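Worksheet: one structure, shown below.
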Amino acid sequence: MPLAADAPDARGTPVWDVGPAPDLPRLEGDVEVDVCVVGLGGSGLACVGELVRLGARVAGVEAGRVGGGAAGRNGGFLLAGLALFYHDAVARYGRPAARALYELTLGELDRIEAETPTLVSRTGSLRIAESDEELADCAAQLDAMRADALPAERYEGPEGRGLLVHGDGTYQPLARCRALATSAVADGAMLFERSAVRRIASTGVHTERGVVRAANIVVAVDGCLERLLPELASRVRTARLQMLATEPTTEIQLTRPVYARWGYDYWQQRPDGAIALGGARDVAGESEWTTNATPTSLVQDALERRLRDGLGVHAPISHRWAASVGYTPNFLPVMDEVRPGLWAVGGYSGTGNVIGALLGRGMARWLRAGDDSLVRPFIQAAKSS
């Protein structure tokens with residue numbers, strides 16, 4: 001199973017990798033700032049941007065290129081709420097916590113759209129059932145959402161039957177990361193690419209060629225977080241998520257992104273007509289719990305069957321890729337002071353596009369201004385789970 005266009009990166013080239021990218025320097029020598037952010041994906045860049053707005057001197061380091069991790073290699077979905085379906089979140093965390101978190105993410109969706117409007121489409125999302133049991137679960141989710149006046153309704157249409165969730169949407173994740181990085185640099189942040197972290201110590205963040213010394217360090221990394229911070233190994237576990245994309249096609253017309261089969265499969269149609277489709281992680285079982293982000297034939301074949309037999313799309317496949325993401329046992333993100341002055345944010349359980357941005361900003365406010373309003377609901381939910 002070849003990678004797209006014989007890509008030199010074994011993870012494959014995501015369909016999002018188009019257009020200009022900022023060319024940021026490597027870290028060379030020593031830098032001293034107020035806060036160092038490790039990881040320049042969606043959550044790290046949100047943290048950097050908020051810190052700069054609050055007047056902090058900030059440096060950010062990234063092992064590869066900006067958005068090179070899961071932030072620029074995901075499905076491009078913007079979904080309100082947590083990784084659990086809303087009624088499951090209510091059962092696990094309690095109604096007040098679940099509702100507060102959902103409303104926070106709806107607000108974050110509005111902010112993401114306002115910040116990068118040309119990259120976002122708010123058409124709503126579909127949860128499509130593929131069994132009677134799943135359809136009944138969609139009904140339970142709708143009942144819970146209606147009880148809290150959250151925007152959803154029953155759906156029956158060309159994609160099937162299930163649930164339409166208003167307010168959700170899609171975006172171009174890698175283009176957004178690049179736009180945020182460019183803006184942060186213009187505002188005074190020091191951002192460094194191709195500067196993998198070798199060690200985090202009391203003396204600072206050490207890369208191969210330099211050190212960032214800071215009073216506070218935020219590690220905003222999703223996949224492989226437990227490799228960078230081994231003390232989190234019991235709380236977060238890395239999984240491989242795989243995707244493919246087609247050349248533009250008119251074989252089908254999809255107006256909304258779709259989650260199906262209990263969320264294990266998901267797809268959307270981009271403005272140019274290309275289909276981006278991912279999932280099938282369960283097909284491979286335990287082998288997908290890995291830090292190896294190389295696409296595999298087993299999962300890619302399952303995705304291709306969904307594309308050809310399920311969606312009826314026969315357009316050539318142009319891209320195949322994978323990403324590493326972090327999962328937690330309680331489906332809530334990690335957000336802790338791991339060592340004095342060293343904070344970790346990650347483990348979004350497959351739905352980090354909105355929550356990651358929210359918590360990146362929340363961590364910045366907490367550290368810089370003592371404002372815990374964005375992070376407190378997550379802490380309360382964790383206590384009740």
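Every chain in the structure tokens takes a letter, A first, then B, and so on in the order presented; its residues are numbered from 1, and the ligands are numbered from 1 following the presented order.
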
- prompt: Tell me, which residues of segment 251-301 of chain A carry DSSP helix (DSSP H, G or I), written as a ChimeraX atom specification?
  reply: /A:281-288,297-301

task = Give the strand (DSSP E or B) residues of segment 104-214 of chain A, as DSSP finds them on the backbone, and put them as JSON, numbers by chain.
result = {"A": [120, 121, 125, 126, 127, 128, 152, 153, 154, 155, 156, 157, 160, 161, 162, 163, 164, 165, 169, 170, 171, 190, 191, 192, 197, 198, 199, 200, 201, 204, 205, 206, 207, 210, 211, 212, 213, 214]}

- Within 6 Å of segment 120-132 of chain A using only C-alpha atoms, minus same-chain residues under 6 positions, as a PyMOL selection string: chain A and resi 113+161-171+256-261

Can those selected residues be exported to a file as a tab-separated table (two decimals), in the first residue's frame so that it contains all heavy atoms?
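Output below, filename result-v1.tsv:
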```
chain	number	residue	atom	x	y	z
A	113	GLU	N	-14.22	30.43	14.35
A	113	GLU	CA	-14.77	30.94	13.09
A	113	GLU	C	-14.45	32.42	12.90
A	113	GLU	O	-14.07	32.85	11.80
A	113	GLU	CB	-16.28	30.72	13.05
A	113	GLU	CG	-16.93	31.18	11.76
A	113	GLU	CD	-18.42	30.97	11.75
A	113	GLU	OE1	-19.03	30.92	12.84
A	113	GLU	OE2	-19.00	30.88	10.65
A	161	ARG	N	-30.09	7.75	8.52
A	161	ARG	CA	-30.88	8.26	9.65
A	161	ARG	C	-29.99	8.45	10.87
A	161	ARG	O	-29.05	7.70	11.08
A	161	ARG	CB	-32.00	7.29	9.99
A	161	ARG	CG	-33.05	7.14	8.91
A	161	ARG	CD	-34.24	6.34	9.42
A	161	ARG	NE	-33.86	4.98	9.80
A	161	ARG	CZ	-34.61	4.16	10.54
A	161	ARG	NH1	-35.79	4.60	11.00
A	161	ARG	NH2	-34.21	2.94	10.81
A	162	GLY	N	-30.34	9.46	11.65
A	162	GLY	CA	-29.56	9.70	12.85
A	162	GLY	C	-29.85	11.06	13.43
A	162	GLY	O	-31.02	11.39	13.71
A	163	LEU	N	-28.82	11.87	13.57
A	163	LEU	CA	-28.89	13.11	14.33
A	163	LEU	C	-28.16	14.21	13.57
A	163	LEU	O	-27.06	14.00	13.06
A	163	LEU	CB	-28.23	12.88	15.69
A	163	LEU	CG	-28.49	13.84	16.83
A	163	LEU	CD1	-29.97	13.85	17.20
A	163	LEU	CD2	-27.65	13.45	18.04
A	164	LEU	N	-28.79	15.38	13.52
A	164	LEU	CA	-28.15	16.58	12.99
A	164	LEU	C	-27.83	17.50	14.17
A	164	LEU	O	-28.73	17.90	14.91
A	164	LEU	CB	-29.07	17.29	11.99
A	164	LEU	CG	-28.70	18.72	11.57
A	164	LEU	CD1	-27.31	18.78	10.95
A	164	LEU	CD2	-29.75	19.27	10.61
A	165	VAL	N	-26.56	17.82	14.33
A	165	VAL	CA	-26.12	18.69	15.42
A	165	VAL	C	-25.74	20.04	14.83
A	165	VAL	O	-24.78	20.15	14.06
A	165	VAL	CB	-24.92	18.08	16.18
A	165	VAL	CG1	-24.49	19.00	17.31
A	165	VAL	CG2	-25.29	16.70	16.72
A	166	HIS	N	-26.50	21.04	15.18
A	166	HIS	CA	-26.24	22.38	14.66
A	166	HIS	C	-25.04	23.02	15.37
A	166	HIS	O	-24.76	22.73	16.53
A	166	HIS	CB	-27.48	23.25	14.84
A	166	HIS	CG	-28.67	22.76	14.09
A	166	HIS	ND1	-28.78	22.85	12.72
A	166	HIS	CD2	-29.81	22.13	14.52
A	166	HIS	CE1	-29.93	22.32	12.34
A	166	HIS	NE2	-30.58	21.87	13.41
A	167	GLY	N	-24.38	23.91	14.67
A	167	GLY	CA	-23.25	24.63	15.24
A	167	GLY	C	-21.91	24.01	14.94
A	167	GLY	O	-20.88	24.68	14.99
A	168	ASP	N	-21.88	22.69	14.65
A	168	ASP	CA	-20.64	22.03	14.28
A	168	ASP	C	-20.22	22.42	12.87
A	168	ASP	O	-20.95	23.12	12.16
A	168	ASP	CB	-20.81	20.51	14.36
A	168	ASP	CG	-20.95	19.99	15.77
A	168	ASP	OD1	-20.65	20.74	16.72
A	168	ASP	OD2	-21.38	18.82	15.93
A	169	GLY	N	-19.08	21.94	12.43
A	169	GLY	CA	-18.64	22.26	11.08
A	169	GLY	C	-17.33	21.60	10.74
A	169	GLY	O	-16.92	20.60	11.33
A	170	THR	N	-16.66	22.19	9.75
A	170	THR	CA	-15.37	21.71	9.29
A	170	THR	C	-14.44	22.90	9.10
A	170	THR	O	-14.88	24.05	9.08
A	170	THR	CB	-15.48	20.96	7.95
A	170	THR	OG1	-16.00	21.86	6.96
A	170	THR	CG2	-16.40	19.75	8.08
A	171	TYR	N	-13.15	22.59	8.95
A	171	TYR	CA	-12.19	23.64	8.66
A	171	TYR	C	-10.96	23.03	8.02
A	171	TYR	O	-10.86	21.82	7.85
A	171	TYR	CB	-11.85	24.45	9.90
A	171	TYR	CG	-10.93	23.82	10.93
A	171	TYR	CD1	-10.04	24.61	11.64
A	171	TYR	CD2	-10.96	22.45	11.23
A	171	TYR	CE1	-9.20	24.07	12.62
A	171	TYR	CE2	-10.13	21.91	12.20
A	171	TYR	CZ	-9.25	22.73	12.88
A	171	TYR	OH	-8.43	22.19	13.82
A	256	ARG	N	-22.57	18.24	4.71
A	256	ARG	CA	-22.17	18.24	6.12
A	256	ARG	C	-21.18	17.12	6.38
A	256	ARG	O	-21.22	16.07	5.74
A	256	ARG	CB	-23.38	18.05	7.04
A	256	ARG	CG	-24.46	19.12	6.91
A	256	ARG	CD	-25.57	18.83	7.90
A	256	ARG	NE	-26.64	19.81	7.81
A	256	ARG	CZ	-27.73	19.66	7.06
A	256	ARG	NH1	-27.89	18.56	6.33
A	256	ARG	NH2	-28.66	20.60	7.03
A	257	PRO	N	-20.31	17.30	7.37
A	257	PRO	CA	-19.45	16.19	7.79
A	257	PRO	C	-20.27	15.11	8.48
A	257	PRO	O	-21.30	15.40	9.11
A	257	PRO	CB	-18.48	16.85	8.76
A	257	PRO	CG	-19.24	18.01	9.33
A	257	PRO	CD	-20.09	18.50	8.19
A	258	VAL	N	-19.82	13.87	8.37
A	258	VAL	CA	-20.57	12.72	8.87
A	258	VAL	C	-19.72	11.90	9.83
A	258	VAL	O	-18.56	11.60	9.55
A	258	VAL	CB	-21.02	11.82	7.70
A	258	VAL	CG1	-21.73	10.57	8.23
A	258	VAL	CG2	-21.93	12.58	6.74
A	259	TYR	N	-20.32	11.55	10.97
A	259	TYR	CA	-19.80	10.53	11.87
A	259	TYR	C	-20.72	9.32	11.74
A	259	TYR	O	-21.95	9.48	11.76
A	259	TYR	CB	-19.83	11.02	13.32
A	259	TYR	CG	-18.51	11.49	13.86
A	259	TYR	CD1	-17.75	12.41	13.16
A	259	TYR	CD2	-18.03	11.02	15.07
A	259	TYR	CE1	-16.54	12.86	13.64
A	259	TYR	CE2	-16.81	11.46	15.58
A	259	TYR	CZ	-16.08	12.38	14.86
A	259	TYR	OH	-14.88	12.81	15.35
A	260	ALA	N	-20.16	8.13	11.63
A	260	ALA	CA	-20.99	6.93	11.49
A	260	ALA	C	-20.38	5.80	12.31
A	260	ALA	O	-19.22	5.87	12.74
A	260	ALA	CB	-21.10	6.51	10.03
A	261	ARG	N	-21.18	4.76	12.50
A	261	ARG	CA	-20.72	3.55	13.20
A	261	ARG	C	-20.10	3.91	14.54
A	261	ARG	O	-18.98	3.58	14.85
A	261	ARG	CB	-19.74	2.78	12.30
A	261	ARG	CG	-19.63	1.30	12.63
A	261	ARG	CD	-18.91	0.54	11.55
A	261	ARG	NE	-17.55	0.98	11.41
A	261	ARG	CZ	-16.53	0.58	12.19
A	261	ARG	NH1	-16.73	-0.28	13.17
A	261	ARG	NH2	-15.31	1.02	11.97
```

Among A:Ala98, A:Ala220, A:Leu229, A:Val15, Ala274 of chain A is approached most closely, using only C-alpha atoms, by A:Val15

Using only C-alpha atoms, which protein or nucleic acid residues come within 7 Å of His319 of chain A? Drop anything in the same chain fewer than 5 positions from it, and give the result as number ranges by chain.
A: 4, 13-15, 244-246

Would you write out those residues with N, CA, C and O atoms, as a PDB file, in the first residue's frame?
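And here is the file that came out, selection-v7.pdb:
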```pdb
ATOM      1  N   ALA A   4       0.987   8.416  -0.386  1.00  0.00           N
ATOM      2  CA  ALA A   4       0.636   9.379  -1.410  1.00  0.00           C
ATOM      3  C   ALA A   4       1.880   9.999  -2.021  1.00  0.00           C
ATOM      4  O   ALA A   4       2.765  10.495  -1.323  1.00  0.00           O
ATOM      5  N   THR A  13       1.381  12.247   3.359  1.00  0.00           N
ATOM      6  CA  THR A  13       1.093  13.670   3.231  1.00  0.00           C
ATOM      7  C   THR A  13      -0.408  13.897   3.375  1.00  0.00           C
ATOM      8  O   THR A  13      -1.191  13.349   2.589  1.00  0.00           O
ATOM      9  N   PRO A  14      -0.848  14.716   4.335  1.00  0.00           N
ATOM     10  CA  PRO A  14      -2.292  14.960   4.484  1.00  0.00           C
ATOM     11  C   PRO A  14      -2.820  15.837   3.356  1.00  0.00           C
ATOM     12  O   PRO A  14      -2.079  16.627   2.767  1.00  0.00           O
ATOM     13  N   VAL A  15      -4.084  15.697   3.069  1.00  0.00           N
ATOM     14  CA  VAL A  15      -4.717  16.485   2.017  1.00  0.00           C
ATOM     15  C   VAL A  15      -4.668  17.974   2.330  1.00  0.00           C
ATOM     16  O   VAL A  15      -4.781  18.823   1.439  1.00  0.00           O
ATOM     17  N   LEU A 244      -7.641   8.843   4.466  1.00  0.00           N
ATOM     18  CA  LEU A 244      -7.315   8.934   3.049  1.00  0.00           C
ATOM     19  C   LEU A 244      -8.143  10.053   2.443  1.00  0.00           C
ATOM     20  O   LEU A 244      -9.108  10.548   3.060  1.00  0.00           O
ATOM     21  N   ALA A 245      -7.778  10.479   1.251  1.00  0.00           N
ATOM     22  CA  ALA A 245      -8.536  11.494   0.534  1.00  0.00           C
ATOM     23  C   ALA A 245      -8.503  11.184  -0.950  1.00  0.00           C
ATOM     24  O   ALA A 245      -7.566  10.548  -1.451  1.00  0.00           O
ATOM     25  N   THR A 246      -9.529  11.643  -1.644  1.00  0.00           N
ATOM     26  CA  THR A 246      -9.631  11.412  -3.083  1.00  0.00           C
ATOM     27  C   THR A 246      -9.338  12.692  -3.850  1.00  0.00           C
ATOM     28  O   THR A 246      -9.283  13.787  -3.292  1.00  0.00           O
TER      29      THR A 246
END
```

Which polymer residues have any atom within 8 Å of an atom of Gly49 of chain A, counting only C-alpha atoms, with same-chain residues fewer than 2 positions away left out, as a PDB file with N, CA, C and O atoms, in the first residue's frame?
```pdb
ATOM      1  N   LEU A  45      -0.507  26.729  19.774  1.00  0.00           N
ATOM      2  CA  LEU A  45      -0.580  28.044  19.142  1.00  0.00           C
ATOM      3  C   LEU A  45      -1.656  28.907  19.778  1.00  0.00           C
ATOM      4  O   LEU A  45      -1.497  30.127  19.892  1.00  0.00           O
ATOM      5  N   ALA A  46      -2.770  28.294  20.218  1.00  0.00           N
ATOM      6  CA  ALA A  46      -3.786  29.061  20.944  1.00  0.00           C
ATOM      7  C   ALA A  46      -3.216  29.588  22.250  1.00  0.00           C
ATOM      8  O   ALA A  46      -3.481  30.723  22.654  1.00  0.00           O
ATOM      9  N   CYS A  47      -2.401  28.760  22.919  1.00  0.00           N
ATOM     10  CA  CYS A  47      -1.758  29.175  24.160  1.00  0.00           C
ATOM     11  C   CYS A  47      -0.779  30.312  23.895  1.00  0.00           C
ATOM     12  O   CYS A  47      -0.771  31.324  24.612  1.00  0.00           O
ATOM     13  N   LEU A  51      -1.116  34.101  25.426  1.00  0.00           N
ATOM     14  CA  LEU A  51      -0.035  34.610  26.270  1.00  0.00           C
ATOM     15  C   LEU A  51       0.491  35.944  25.740  1.00  0.00           C
ATOM     16  O   LEU A  51       0.740  36.886  26.511  1.00  0.00           O
ATOM     17  N   VAL A  52       0.673  36.040  24.442  1.00  0.00           N
ATOM     18  CA  VAL A  52       1.148  37.286  23.850  1.00  0.00           C
ATOM     19  C   VAL A  52       0.150  38.406  24.101  1.00  0.00           C
ATOM     20  O   VAL A  52       0.523  39.530  24.461  1.00  0.00           O
ATOM     21  N   ARG A  53      -1.130  38.091  23.946  1.00  0.00           N
ATOM     22  CA  ARG A  53      -2.159  39.110  24.182  1.00  0.00           C
ATOM     23  C   ARG A  53      -2.164  39.586  25.639  1.00  0.00           C
ATOM     24  O   ARG A  53      -2.546  40.718  25.930  1.00  0.00           O
ATOM     25  N   LEU A 180      -2.179  31.007  12.467  1.00  0.00           N
ATOM     26  CA  LEU A 180      -1.961  31.383  13.862  1.00  0.00           C
ATOM     27  C   LEU A 180      -0.481  31.617  14.151  1.00  0.00           C
ATOM     28  O   LEU A 180      -0.118  32.536  14.894  1.00  0.00           O
ATOM     29  N   ALA A 184       1.179  35.072  15.420  1.00  0.00           N
ATOM     30  CA  ALA A 184       1.899  35.115  16.708  1.00  0.00           C
ATOM     31  C   ALA A 184       3.287  35.719  16.540  1.00  0.00           C
ATOM     32  O   ALA A 184       3.741  36.510  17.376  1.00  0.00           O
ATOM     33  N   ARG A 361      -5.876  28.295  25.333  1.00  0.00           N
ATOM     34  CA  ARG A 361      -6.167  29.652  25.802  1.00  0.00           C
ATOM     35  C   ARG A 361      -6.405  29.672  27.304  1.00  0.00           C
ATOM     36  O   ARG A 361      -5.965  30.580  28.013  1.00  0.00           O
TER      37      ARG A 361
END
```
